[in-house]
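Peer 1: You'll find query21.cif just under this line, and it carries mmCIF, C-alpha atoms.
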data_my_file
#
loop_
_atom_site.label_atom_id
_atom_site.label_comp_id
_atom_site.auth_asym_id
_atom_site.auth_seq_id
_atom_site.Cartn_x
_atom_site.Cartn_y
_atom_site.Cartn_z
CA MET F 1 -194.16 -98.89 -46.53
CA SER F 2 -196.03 -101.62 -44.64
CA ALA F 3 -194.54 -103.56 -41.72
CA PRO F 4 -194.20 -106.85 -43.67
CA ASP F 5 -192.28 -104.94 -46.37
CA THR F 6 -189.90 -103.46 -43.77
CA ILE F 7 -189.32 -106.89 -42.21
CA SER F 8 -188.72 -108.46 -45.60
CA ILE F 9 -186.22 -105.71 -46.58
CA LEU F 10 -184.45 -105.98 -43.22
CA THR F 11 -184.23 -109.77 -43.57
CA GLY F 12 -182.74 -109.42 -47.05
CA VAL F 13 -180.21 -106.80 -45.92
CA LEU F 14 -179.19 -108.92 -42.94
CA LEU F 15 -178.69 -112.06 -44.99
CA ASP F 16 -176.70 -110.15 -47.58
CA ALA F 17 -174.47 -108.40 -45.01
CA GLY F 18 -174.21 -111.55 -42.88
CA ILE F 19 -172.89 -113.69 -45.74
CA LYS F 20 -170.40 -111.00 -46.78
CA SER F 21 -169.28 -110.50 -43.17
CA VAL F 22 -167.90 -114.06 -43.23
CA CYS F 23 -165.71 -113.10 -46.23
CA THR F 24 -164.55 -109.83 -44.64
CA VAL F 25 -163.60 -111.37 -41.28
CA SER F 26 -161.90 -114.32 -42.99
CA LEU F 27 -159.88 -111.91 -45.11
CA GLY F 28 -158.89 -109.96 -41.97
CA GLY F 29 -157.81 -113.22 -40.37
CA LEU F 30 -155.75 -114.16 -43.41
CA VAL F 31 -153.93 -110.80 -43.46
CA ALA F 32 -153.32 -111.04 -39.69
CA LEU F 33 -151.89 -114.51 -40.26
CA LEU F 34 -149.57 -113.17 -42.97
CA LEU F 35 -148.41 -110.54 -40.46
CA GLN F 36 -147.56 -113.22 -37.88
CA LYS F 37 -143.94 -112.06 -37.89
CA GLY F 38 -144.96 -108.40 -37.67
CA SER F 39 -145.86 -106.54 -34.50
CA ALA F 40 -149.03 -107.01 -32.46
CA ALA F 41 -149.96 -103.38 -33.16
CA GLN F 42 -149.98 -104.14 -36.90
CA ARG F 43 -152.20 -107.20 -36.49
CA HIS F 44 -154.51 -105.21 -34.19
CA ALA F 45 -154.80 -102.53 -36.88
CA VAL F 46 -155.76 -105.17 -39.46
CA TRP F 47 -158.47 -106.66 -37.21
CA ALA F 48 -159.77 -103.16 -36.40
CA CYS F 49 -159.97 -102.34 -40.12
CA SER F 50 -161.95 -105.49 -40.89
CA PHE F 51 -164.37 -104.61 -38.06
CA ALA F 52 -164.67 -101.07 -39.43
CA SER F 53 -165.70 -102.43 -42.81
CA LEU F 54 -168.55 -104.58 -41.42
CA PRO F 55 -171.03 -101.71 -40.87
CA LEU F 56 -170.20 -100.55 -44.41
CA LEU F 57 -171.53 -103.87 -45.70
CA VAL F 58 -174.87 -103.21 -43.98
CA LEU F 59 -174.99 -99.69 -45.39
CA ALA F 60 -174.16 -100.94 -48.90
CA ALA F 61 -176.79 -103.69 -48.68
CA ALA F 62 -179.38 -101.24 -47.34
CA GLN F 63 -178.65 -98.69 -50.05
CA ARG F 64 -178.81 -101.21 -52.87
CA GLY F 65 -181.92 -102.89 -51.56
CA PRO F 66 -182.33 -106.58 -50.68
CA GLU F 67 -181.22 -109.09 -53.24
CA ILE F 68 -182.57 -112.06 -51.42
CA ALA F 69 -186.21 -112.42 -50.66
CA LEU F 70 -186.67 -115.00 -47.96
CA ASP F 71 -190.09 -115.83 -46.66
CA ALA F 72 -189.07 -115.91 -43.01
CA PRO F 73 -190.83 -113.13 -41.09
CA PHE F 74 -189.42 -114.40 -37.76
CA LEU F 75 -185.78 -113.67 -38.76
CA ALA F 76 -185.79 -109.89 -38.31
CA PRO F 77 -187.43 -109.97 -34.82
CA CYS F 78 -184.99 -112.73 -33.78
CA TRP F 79 -182.09 -110.59 -34.99
CA LEU F 80 -183.36 -107.56 -33.06
CA LEU F 81 -183.73 -109.67 -29.92
CA GLY F 82 -180.17 -110.95 -30.38
CA VAL F 83 -178.86 -107.40 -30.81
CA GLY F 84 -180.57 -106.41 -27.55
CA VAL F 85 -179.10 -109.37 -25.66
CA ALA F 86 -175.60 -108.86 -27.11
CA ALA F 87 -175.65 -105.11 -26.40
CA LEU F 88 -176.75 -105.58 -22.78
CA PRO F 89 -173.34 -106.48 -21.23
CA PRO F 90 -171.54 -103.37 -22.58
CA LEU F 91 -174.44 -101.13 -21.52
CA LEU F 92 -174.46 -102.61 -18.00
CA GLY F 93 -170.67 -102.33 -18.04
CA LEU F 94 -170.88 -98.60 -18.77
CA LEU F 95 -173.22 -98.19 -15.79
CA GLY F 96 -170.76 -100.17 -13.69
CA LEU F 97 -167.91 -97.92 -14.84
CA ALA F 98 -169.88 -94.79 -13.87
CA ARG F 99 -170.45 -96.29 -10.43
CA LEU F 100 -166.81 -97.35 -10.09
CA ARG F 101 -165.69 -93.83 -10.99
CA ARG F 102 -167.98 -92.33 -8.34
CA GLU F 103 -166.75 -94.67 -5.63
CA ALA F 104 -163.01 -94.78 -6.45
CA GLN F 105 -160.49 -92.59 -4.61
CA PRO F 106 -158.56 -90.07 -6.74
CA ASP F 107 -154.76 -90.23 -6.66
CA SER F 108 -153.37 -87.13 -4.96
CA ASN F 109 -150.48 -86.75 -7.43
CA THR F 110 -151.74 -87.89 -10.83
CA PRO F 111 -154.92 -86.48 -12.43
CA GLY F 112 -157.06 -89.15 -14.11
CA LEU F 113 -155.64 -91.85 -11.86
CA LEU F 114 -157.97 -93.46 -9.31
CA HIS F 115 -157.73 -96.21 -6.71
CA SER F 116 -160.44 -98.74 -5.93
CA SER F 117 -160.68 -101.72 -3.62
CA ALA F 118 -163.44 -103.19 -5.84
CA LEU F 119 -160.92 -104.16 -8.51
CA HIS F 120 -158.64 -107.15 -8.88
CA GLY F 121 -156.27 -105.49 -11.39
CA PRO F 122 -155.77 -102.12 -13.14
CA ILE F 123 -158.31 -101.02 -15.76
CA THR F 124 -158.68 -98.07 -18.12
CA TRP F 125 -161.46 -96.52 -20.19
CA GLY F 126 -162.48 -93.27 -21.83
CA VAL F 127 -161.26 -91.30 -24.84
CA ILE F 128 -161.48 -87.54 -24.22
CA ARG F 129 -160.86 -87.74 -20.48
CA PRO F 130 -159.35 -91.20 -20.05
CA ILE F 131 -159.34 -92.78 -16.61
CA ILE F 132 -156.99 -95.36 -15.15
CA VAL F 133 -157.98 -97.16 -11.95
CA LEU F 134 -155.47 -99.11 -9.90
CA PRO F 135 -156.59 -101.79 -7.44
CA ALA F 136 -156.03 -101.22 -3.72
CA ARG F 137 -153.42 -104.02 -3.77
CA ALA F 138 -151.24 -101.84 -6.07
CA SER F 139 -150.01 -100.08 -2.93
CA ALA F 140 -147.99 -103.25 -2.23
CA TRP F 141 -146.35 -103.22 -5.68
CA THR F 142 -142.76 -102.13 -6.23
CA THR F 143 -142.13 -98.84 -8.04
CA SER F 144 -141.13 -100.68 -11.21
CA GLN F 145 -144.22 -102.94 -11.11
CA ARG F 146 -146.44 -99.88 -10.75
CA ALA F 147 -144.59 -98.10 -13.57
CA ALA F 148 -145.01 -101.14 -15.86
CA ALA F 149 -148.75 -101.42 -15.12
CA LEU F 150 -149.25 -97.70 -15.74
CA ALA F 151 -147.20 -97.84 -18.96
CA HIS F 152 -149.48 -100.66 -20.17
CA GLU F 153 -152.66 -98.70 -19.38
CA ARG F 154 -151.28 -95.48 -20.88
CA ALA F 155 -150.45 -97.35 -24.07
CA HIS F 156 -154.15 -98.35 -24.31
CA VAL F 157 -155.10 -94.68 -23.88
CA ARG F 158 -152.60 -93.52 -26.50
CA ARG F 159 -153.75 -96.14 -29.00
CA TYR F 160 -157.51 -95.39 -28.47
CA ASP F 161 -157.96 -99.08 -27.67
CA TRP F 162 -161.05 -98.49 -25.53
CA ALA F 163 -162.87 -96.67 -28.34
CA VAL F 164 -162.04 -99.56 -30.68
CA HIS F 165 -163.16 -102.03 -27.97
CA MET F 166 -166.59 -100.38 -27.68
CA VAL F 167 -167.13 -100.01 -31.45
CA VAL F 168 -166.14 -103.65 -31.93
CA TRP F 169 -168.65 -104.68 -29.24
CA LEU F 170 -171.34 -102.72 -31.10
CA VAL F 171 -170.43 -104.40 -34.38
CA CYS F 172 -170.49 -107.80 -32.66
CA ALA F 173 -173.99 -107.00 -31.34
CA LEU F 174 -175.13 -106.24 -34.91
CA PHE F 175 -173.49 -109.41 -36.31
CA TRP F 176 -174.15 -111.60 -33.25
CA PHE F 177 -175.26 -114.49 -35.46
CA ASN F 178 -171.79 -114.79 -37.05
CA PRO F 179 -169.46 -116.76 -34.71
CA LEU F 180 -166.42 -115.61 -36.72
CA VAL F 181 -167.08 -112.03 -35.59
CA TRP F 182 -166.88 -113.07 -31.91
CA LEU F 183 -163.74 -115.08 -32.60
CA ALA F 184 -162.22 -112.03 -34.34
CA ARG F 185 -163.15 -109.89 -31.33
CA ARG F 186 -161.15 -112.20 -29.04
CA LYS F 187 -158.19 -112.01 -31.42
CA LEU F 188 -158.41 -108.21 -31.63
CA ALA F 189 -158.60 -107.90 -27.83
CA LEU F 190 -155.56 -110.16 -27.39
CA GLU F 191 -153.55 -108.19 -29.99
CA ALA F 192 -154.45 -104.93 -28.17
CA GLU F 193 -153.07 -106.42 -24.94
CA HIS F 194 -149.93 -107.65 -26.74
CA ALA F 195 -149.45 -104.17 -28.22
CA ALA F 196 -149.82 -102.50 -24.80
CA ASP F 197 -147.42 -105.08 -23.31
CA ASP F 198 -144.92 -104.24 -26.07
CA ALA F 199 -145.29 -100.54 -25.22
CA ALA F 200 -144.70 -101.23 -21.50
CA LEU F 201 -141.53 -103.20 -22.35
CA ALA F 202 -140.40 -100.42 -24.69
CA GLU F 203 -140.75 -97.99 -21.78
CA GLY F 204 -138.32 -100.06 -19.75
CA ALA F 205 -140.41 -102.71 -17.97
CA GLN F 206 -138.29 -105.78 -17.17
CA PRO F 207 -139.82 -108.83 -18.95
CA VAL F 208 -139.48 -111.24 -16.01
CA GLU F 209 -140.85 -108.82 -13.43
CA TYR F 210 -143.66 -107.73 -15.74
CA ALA F 211 -144.61 -111.33 -16.59
CA SER F 212 -144.64 -112.19 -12.85
CA LEU F 213 -146.92 -109.22 -12.15
CA LEU F 214 -149.41 -110.33 -14.82
CA LEU F 215 -149.40 -113.88 -13.53
CA SER F 216 -149.98 -112.67 -9.97
CA LEU F 217 -153.26 -111.09 -11.17
CA HIS F 218 -154.72 -114.35 -12.46
CA SER F 219 -157.83 -115.83 -10.85
CA ASN F 220 -157.63 -119.56 -10.50
CA ASN F 221 -161.17 -120.70 -11.06
CA GLY F 222 -160.34 -124.29 -11.79
CA PRO F 223 -159.15 -126.11 -14.89
CA LYS F 224 -160.40 -124.44 -18.04
CA THR F 225 -157.91 -125.81 -20.52
CA GLY F 226 -160.66 -126.80 -22.93
CA LEU F 227 -161.74 -123.18 -23.33
CA HIS F 228 -158.57 -121.99 -24.96
CA ALA F 229 -156.84 -124.24 -27.43
CA GLY F 230 -153.12 -123.54 -27.33
CA GLY F 231 -153.22 -121.90 -23.89
CA SER F 232 -155.10 -119.11 -22.15
CA PRO F 233 -154.85 -115.48 -23.36
CA LEU F 234 -152.89 -114.61 -20.20
CA GLY F 235 -150.48 -117.50 -20.81
CA CYS F 236 -150.09 -116.39 -24.40
CA ARG F 237 -149.13 -112.89 -23.22
CA VAL F 238 -146.69 -114.15 -20.59
CA ARG F 239 -144.95 -116.35 -23.18
CA ALA F 240 -144.82 -113.43 -25.64
CA ILE F 241 -143.31 -111.12 -23.00
CA LEU F 242 -140.61 -113.65 -22.18
CA SER F 243 -139.73 -114.39 -25.82
CA PRO F 244 -137.77 -112.01 -28.01
CA ARG F 245 -139.92 -110.98 -30.98
CA LYS F 246 -140.78 -107.99 -33.08
CA ARG F 247 -142.35 -105.22 -31.04
CA GLY F 248 -143.40 -101.70 -31.86
CA ALA F 249 -146.26 -99.57 -32.99
CA ALA F 250 -148.18 -100.03 -36.23
CA ARG F 251 -146.70 -97.80 -38.87
CA ALA F 252 -148.92 -95.28 -40.60
CA GLY F 253 -148.22 -97.16 -43.87
CA VAL F 254 -149.71 -100.40 -42.54
CA LEU F 255 -152.77 -98.57 -41.20
CA PHE F 256 -153.26 -96.78 -44.50
CA LEU F 257 -152.82 -100.00 -46.47
CA GLY F 258 -155.21 -101.88 -44.16
CA LEU F 259 -157.87 -99.19 -44.32
CA THR F 260 -157.60 -98.89 -48.10
CA LEU F 261 -157.78 -102.67 -48.48
CA CYS F 262 -160.83 -102.92 -46.23
CA THR F 263 -162.61 -100.06 -47.98
CA VAL F 264 -161.90 -101.55 -51.40
CA VAL F 265 -162.97 -105.03 -50.29
CA SER F 266 -166.13 -103.70 -48.63
CA ALA F 267 -166.98 -101.65 -51.69
CA ALA F 268 -166.36 -104.66 -53.92
CA LEU F 269 -168.34 -107.00 -51.66
CA GLY F 270 -171.03 -104.40 -51.16
CA THR F 271 -171.71 -104.05 -54.85
CA TRP F 272 -171.26 -107.75 -55.59
CA PRO F 273 -174.56 -109.60 -55.82
CA THR F 274 -174.80 -112.22 -53.08
CA TRP F 275 -176.40 -114.65 -55.43
CA LYS F 276 -176.68 -114.27 -59.17
CA ARG F 277 -180.23 -113.33 -59.74
CA PRO F 278 -182.21 -114.81 -62.57
CA ALA F 279 -184.76 -112.60 -64.26
CA GLU F 280 -186.80 -112.38 -61.07
CA ASN F 281 -185.94 -112.32 -57.37
CA LEU F 282 -184.69 -115.51 -55.85
CA THR F 283 -187.42 -116.62 -53.53
CA CYS F 284 -186.90 -119.33 -50.95
CA SER F 285 -190.08 -120.32 -49.22
CA PRO F 286 -190.43 -123.20 -46.78
CA GLY F 287 -193.55 -124.62 -48.47
CA PRO F 288 -193.71 -126.27 -51.93
CA GLY F 289 -193.74 -123.83 -54.83
CA PRO F 290 -196.77 -123.17 -56.97
CA MET D 1 -166.15 -108.67 7.77
CA SER D 2 -165.06 -108.51 4.15
CA ASP D 3 -163.21 -111.86 4.18
CA PRO D 4 -165.01 -114.37 1.99
CA LEU D 5 -166.34 -117.42 3.81
CA SER D 6 -165.40 -120.98 2.97
CA ARG D 7 -168.14 -123.55 2.33
CA ARG D 8 -167.85 -124.94 5.86
CA GLU D 9 -167.80 -121.46 7.44
CA ARG D 10 -170.94 -120.52 5.49
CA GLN D 11 -172.68 -123.70 6.70
CA ILE D 12 -171.76 -122.84 10.29
CA MET D 13 -173.07 -119.28 9.86
CA ASP D 14 -176.34 -120.64 8.44
CA ILE D 15 -176.76 -122.86 11.52
CA ALA D 16 -175.89 -119.95 13.82
CA TYR D 17 -178.52 -117.77 12.12
CA GLN D 18 -181.12 -120.56 12.39
CA LEU D 19 -180.56 -121.23 16.07
CA GLY D 20 -179.56 -117.78 17.27
CA GLU D 21 -177.13 -119.08 19.92
CA VAL D 22 -175.09 -122.22 19.39
CA ALA D 23 -172.43 -124.31 21.05
CA VAL D 24 -169.78 -126.23 19.09
CA ALA D 25 -171.64 -129.52 19.68
CA ASP D 26 -174.93 -128.04 18.30
CA VAL D 27 -173.17 -127.03 15.11
CA ARG D 28 -171.42 -130.36 14.76
CA ASP D 29 -174.71 -132.24 15.17
CA ARG D 30 -176.27 -130.30 12.30
CA LEU D 31 -173.35 -130.34 9.85
CA GLU D 32 -173.44 -132.85 7.04
CA ASP D 33 -170.44 -135.18 7.18
CA PRO D 34 -169.08 -133.25 10.19
CA PRO D 35 -165.36 -132.84 10.85
CA SER D 36 -163.93 -133.48 14.34
CA TYR D 37 -165.10 -131.46 17.36
CA SER D 38 -161.80 -129.57 17.53
CA ALA D 39 -161.94 -128.78 13.79
CA VAL D 40 -165.46 -127.29 14.19
CA ARG D 41 -164.26 -125.31 17.24
CA ALA D 42 -161.30 -124.02 15.20
CA LEU D 43 -163.61 -122.98 12.35
CA MET D 44 -165.86 -121.14 14.80
CA GLY D 45 -162.77 -119.50 16.29
CA THR D 46 -161.86 -118.29 12.79
CA LEU D 47 -165.38 -116.89 12.35
CA VAL D 48 -164.95 -114.99 15.64
CA GLU D 49 -161.62 -113.62 14.36
CA LYS D 50 -163.23 -112.60 11.07
CA GLY D 51 -165.94 -110.79 13.03
CA HIS D 52 -168.89 -112.94 11.93
CA LEU D 53 -169.50 -114.60 15.31
CA GLU D 54 -169.12 -113.46 18.92
CA HIS D 55 -168.93 -115.74 21.91
CA HIS D 56 -169.37 -115.72 25.66
CA GLN D 57 -168.99 -118.31 28.39
CA MET D 58 -172.12 -119.92 29.78
CA GLY D 59 -171.32 -122.30 32.61
CA ARG D 60 -168.61 -124.63 31.39
CA ARG D 61 -169.10 -124.05 27.68
CA TYR D 62 -168.79 -121.31 25.12
CA VAL D 63 -171.89 -120.08 23.32
CA TYR D 64 -171.60 -118.38 19.93
CA LYS D 65 -174.02 -116.05 18.17
CA PRO D 66 -173.88 -114.03 14.92
CA ARG D 67 -172.57 -110.51 15.40
CA VAL D 68 -174.82 -109.09 12.70
CA ALA D 69 -178.55 -109.75 12.67
CA ALA D 70 -179.72 -111.97 9.81
CA GLU D 71 -181.69 -109.21 8.02
CA GLU D 72 -178.77 -106.83 8.13
CA ALA D 73 -176.45 -109.58 6.90
CA SER D 74 -178.70 -110.44 3.96
CA THR D 75 -178.86 -106.74 2.98
CA SER D 76 -175.09 -106.48 3.01
CA ALA D 77 -174.84 -109.80 1.09
CA LEU D 78 -177.22 -108.37 -1.53
CA ARG D 79 -175.17 -105.19 -1.67
CA ARG D 80 -172.03 -107.28 -2.14
CA LEU D 81 -173.73 -109.28 -4.88
CA VAL D 82 -174.73 -106.06 -6.68
CA ALA D 83 -171.22 -104.65 -6.20
CA THR D 84 -169.65 -107.87 -7.54
CA PHE D 85 -172.05 -107.88 -10.51
CA PHE D 86 -171.37 -104.23 -11.33
CA GLY D 87 -167.64 -104.62 -10.65
CA GLY D 88 -167.48 -107.62 -12.99
CA SER D 89 -169.44 -105.97 -15.79
CA ALA D 90 -167.51 -102.72 -15.32
CA ALA D 91 -164.18 -104.51 -15.66
CA ARG D 92 -165.45 -106.19 -18.84
CA ALA D 93 -166.51 -102.85 -20.36
CA ALA D 94 -163.10 -101.33 -19.63
CA LEU D 95 -159.68 -102.57 -20.70
CA ALA D 96 -158.15 -104.58 -17.89
CA LEU D 97 -154.44 -105.30 -17.43
CA VAL D 98 -155.43 -108.94 -17.01
CA ALA D 99 -158.91 -109.40 -18.44
CA ASP D 100 -159.37 -113.06 -19.31
CA SER D 101 -157.55 -114.33 -16.28
CA GLU D 102 -158.75 -117.91 -15.89
CA ILE D 103 -155.86 -120.26 -16.20
CA ALA D 104 -155.58 -124.02 -15.76
CA PRO D 105 -153.31 -125.20 -12.91
CA GLU D 106 -151.01 -127.10 -15.30
CA GLU D 107 -150.58 -124.06 -17.55
CA LEU D 108 -149.96 -121.88 -14.50
CA ALA D 109 -147.23 -124.26 -13.35
CA ALA D 110 -145.65 -124.23 -16.83
CA LEU D 111 -145.69 -120.42 -16.93
CA GLU D 112 -144.18 -120.14 -13.46
CA ALA D 113 -141.44 -122.52 -14.58
CA ALA D 114 -140.83 -120.40 -17.70
CA ILE D 115 -140.53 -117.27 -15.56
CA ALA D 116 -138.14 -119.06 -13.17
CA ARG D 117 -136.02 -120.19 -16.16
CA ALA D 118 -135.97 -116.65 -17.59
CA LYS D 119 -135.01 -115.33 -14.13
CA GLY D 120 -132.15 -117.83 -14.04
CA GLY D 121 -131.04 -116.72 -17.51
CA GLU D 122 -130.97 -113.08 -16.44
CA ARG D 123 -128.49 -113.79 -13.64
#
How does the structure come out when it is put into structure tokens?

Peer 2:
Amino acid sequence: MSAPDTISILTGVLLDAGIKSVCTVSLGGLVALLLQKGSAAQRHAVWACSFASLPLLVLAAAQRGPEIALDAPFLAPCWLLGVGVAALPPLLGLLGLARLRREAQPDSNTPGLLHSSALHGPITWGVIRPIIVLPARASAWTTSQRAAALAHERAHVRRYDWAVHMVVWLVCALFWFNPLVWLARRKLALEAEHAADDAALAEGAQPVEYASLLLSLHSNNGPKTGLHAGGSPLGCRVRAILSPRKRGAARAGVLFLGLTLCTVVSAALGTWPTWKRPAENLTCSPGPGP
Amino acid sequence: MSDPLSRRERQIMDIAYQLGEVAVADVRDRLEDPPSYSAVRALMGTLVEKGHLEHHQMGRRYVYKPRVAAEEASTSALRRLVATFFGGSAARAALALVADSEIAPEELAALEAAIARAKGGER
């Protein structure tokens, strides 16, 4: 297969998957909206399922072959460049995490728990051997504040949130051209934090003390109201912690339903022609036709 | 030495590095829109406390000079920059207790008020 053929197939696959990704993410958003009165863990599961179905769209489009022939040889290289740029922050981040792990001090009592003065607040990562790092300032926290922060981080570990976080970043790098995907990533990340907050409260964290701890970790870098309509993510979490609402883990039923729905939708979208083809391939070329 | 410098303190350090040894009046002459003599002296006193400057008496006046040579300081600044860059990207690649932590002052005030109200309700 010649290089122009490969580029043309890749362009077709990308356009096909890109258009369908808008439908998939919108559907995920709609289901999450319907679950507004449910728990954060349920909404997180829905967002995660819609992200899981996005690579399936690419696979389906690649397997079926391109339906759209677009005479735009610059598209595929532009896409590859975008993937590289979008994948750079997580790759650099992984290097940073390796460095942080090397330089952090291990906790004498708890395996997998480290302390670092390079951090502003607690962080966690890893799947098989998960790591939690507390900032040096945590030594000034009360026992209950420390317990609440650790309960939050352990909930992330239990829920495999970091693995989801990395996969979602990868999917976002592939679909970098679709702004809805980035918006969905923000929503998913916020729901993961809500779910871990819910878990910390379920383990006995006092809402007022926990909310105060979160607020004490903010960095005031000036007014940024315009960035987040309806309040910042941190503000959203603090308000959720203080208000009585449904909390709890996502039930297996919801996960099963979500996964089934996403698989069915992806399969349906994957086999659905993007545009109804006439007898021959739809060809869009920038110049006037023959 | 790890305390971050304010804008004014950084300007004073730049002048100290340029001149090698400086008196309060030398610094004040070179500062843009300079504050009062006593304010500059207080700032230089803070820099001594933070360990960036050292001073000794020469005749009737105090002379200040940087404690760390300029080259050494720029190396440690570069190291700090790299550490901050890696620290920032590392925190983004992990899951942080408070990840997206920028908050507008008015929202912060509203949240603090909500917490105070909830605290009042608990009692």

Peer 1: Between D:Val22, D:Met58, D:Ala109, D:Ile115, which has the minimum distance to chain F (counting all atoms listed in the file)?

Peer 2: D:Ile115

Peer 1: Any chance you could resolve the PyMOL selection byres ((chain F) within 9 of (chain D)) against this file and give the residues as a count of residues only?

Peer 2: 55

Peer 1: Hey, what's within 12 Å of F:Leu33 if we count all atoms listed in the file and toss same-chain stuff fewer than 3 positions away? As a ChimeraX atom specification, please?

Peer 2: /F:26-30,36-40,42-44,46-47,187

Peer 1: My list of candidates is F:Val265, F:Ala61, F:Ile131, F:Ala87. Which is closest to F:Thr24 when distances are computed with all atoms listed in the file?

Peer 2: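 With all atoms listed in the file as the atom set, the closest residue is F:Val265.
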
Peer 1: Applying 12 Å and all atoms listed in the file, which residues near stretch 108-112 of chain F remain after dropping the ones on its own chain fewer than 3 positions away? List them as an mmCIF file with C-alpha atoms, in the coordinates of the input.

Peer 2:
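Output file out.cif is given in full below:
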data_model
loop_
_atom_site.group_PDB
_atom_site.id
_atom_site.type_symbol
_atom_site.label_atom_id
_atom_site.label_comp_id
_atom_site.auth_asym_id
_atom_site.auth_seq_id
_atom_site.Cartn_x
_atom_site.Cartn_y
_atom_site.Cartn_z
ATOM 1 C CA ARG F 101 -165.690 -93.830 -10.990
ATOM 2 C CA ALA F 104 -163.010 -94.780 -6.450
ATOM 3 C CA GLN F 105 -160.490 -92.590 -4.610
ATOM 4 C CA HIS F 115 -157.730 -96.210 -6.710
ATOM 5 C CA THR F 124 -158.680 -98.070 -18.120
ATOM 6 C CA TRP F 125 -161.460 -96.520 -20.190
ATOM 7 C CA GLY F 126 -162.480 -93.270 -21.830
ATOM 8 C CA VAL F 127 -161.260 -91.300 -24.840
ATOM 9 C CA ILE F 128 -161.480 -87.540 -24.220
ATOM 10 C CA ARG F 129 -160.860 -87.740 -20.480
ATOM 11 C CA PRO F 130 -159.350 -91.200 -20.050
ATOM 12 C CA ILE F 131 -159.340 -92.780 -16.610
ATOM 13 C CA ILE F 132 -156.990 -95.360 -15.150
ATOM 14 C CA VAL F 133 -157.980 -97.160 -11.950
ATOM 15 C CA LEU F 134 -155.470 -99.110 -9.900
ATOM 16 C CA LEU F 150 -149.250 -97.700 -15.740
ATOM 17 C CA GLU F 153 -152.660 -98.700 -19.380
ATOM 18 C CA ARG F 154 -151.280 -95.480 -20.880
ATOM 19 C CA VAL F 157 -155.100 -94.680 -23.880
#

Peer 1: Translate the PyMOL selection byres ((chain F and resi 54-60) around 7), as applied to the file shown, into an explicit residue set as a count of residues only.

Peer 2: 13

Peer 1: May I ask for the distance between atom CA of F:Thr142 and atom CA of D:Gly120, given in Å to one decimal place?

Peer 2: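 Going from atom CA of F:Thr142 over to atom CA of D:Gly120, I get 20.5 Å.
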
Peer 1: Expanded to explicit residues, what is the PyMOL selection byres ((chain D and resi 32-44) around 12) for this file, as a ChimeraX atom specification?

Peer 2: /D:5-13,15-16,22-31,45-55,61-66

Peer 1: What does the distance from atom CA of F:Val85 to atom CA of F:Pro179 come to in Å, to one decimal?

Peer 2: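 Taking atom CA of F:Val85 as the start and atom CA of F:Pro179 as the end point, the length is 15.1 Å.
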
Peer 1: Atom CA of F:Val171 to atom CA of F:Gly65: how many Å, to one decimal?

Peer 2: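 These two atoms are separated by 20.7 Å.
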
Peer 1: From the list F:Ala86, F:Leu114, F:Ala147, F:Leu201, which residue is nearest F:Leu170 when using only C-alpha atoms?

Peer 2: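 That would be F:Ala86, the residue with the smallest distance to F:Leu170.
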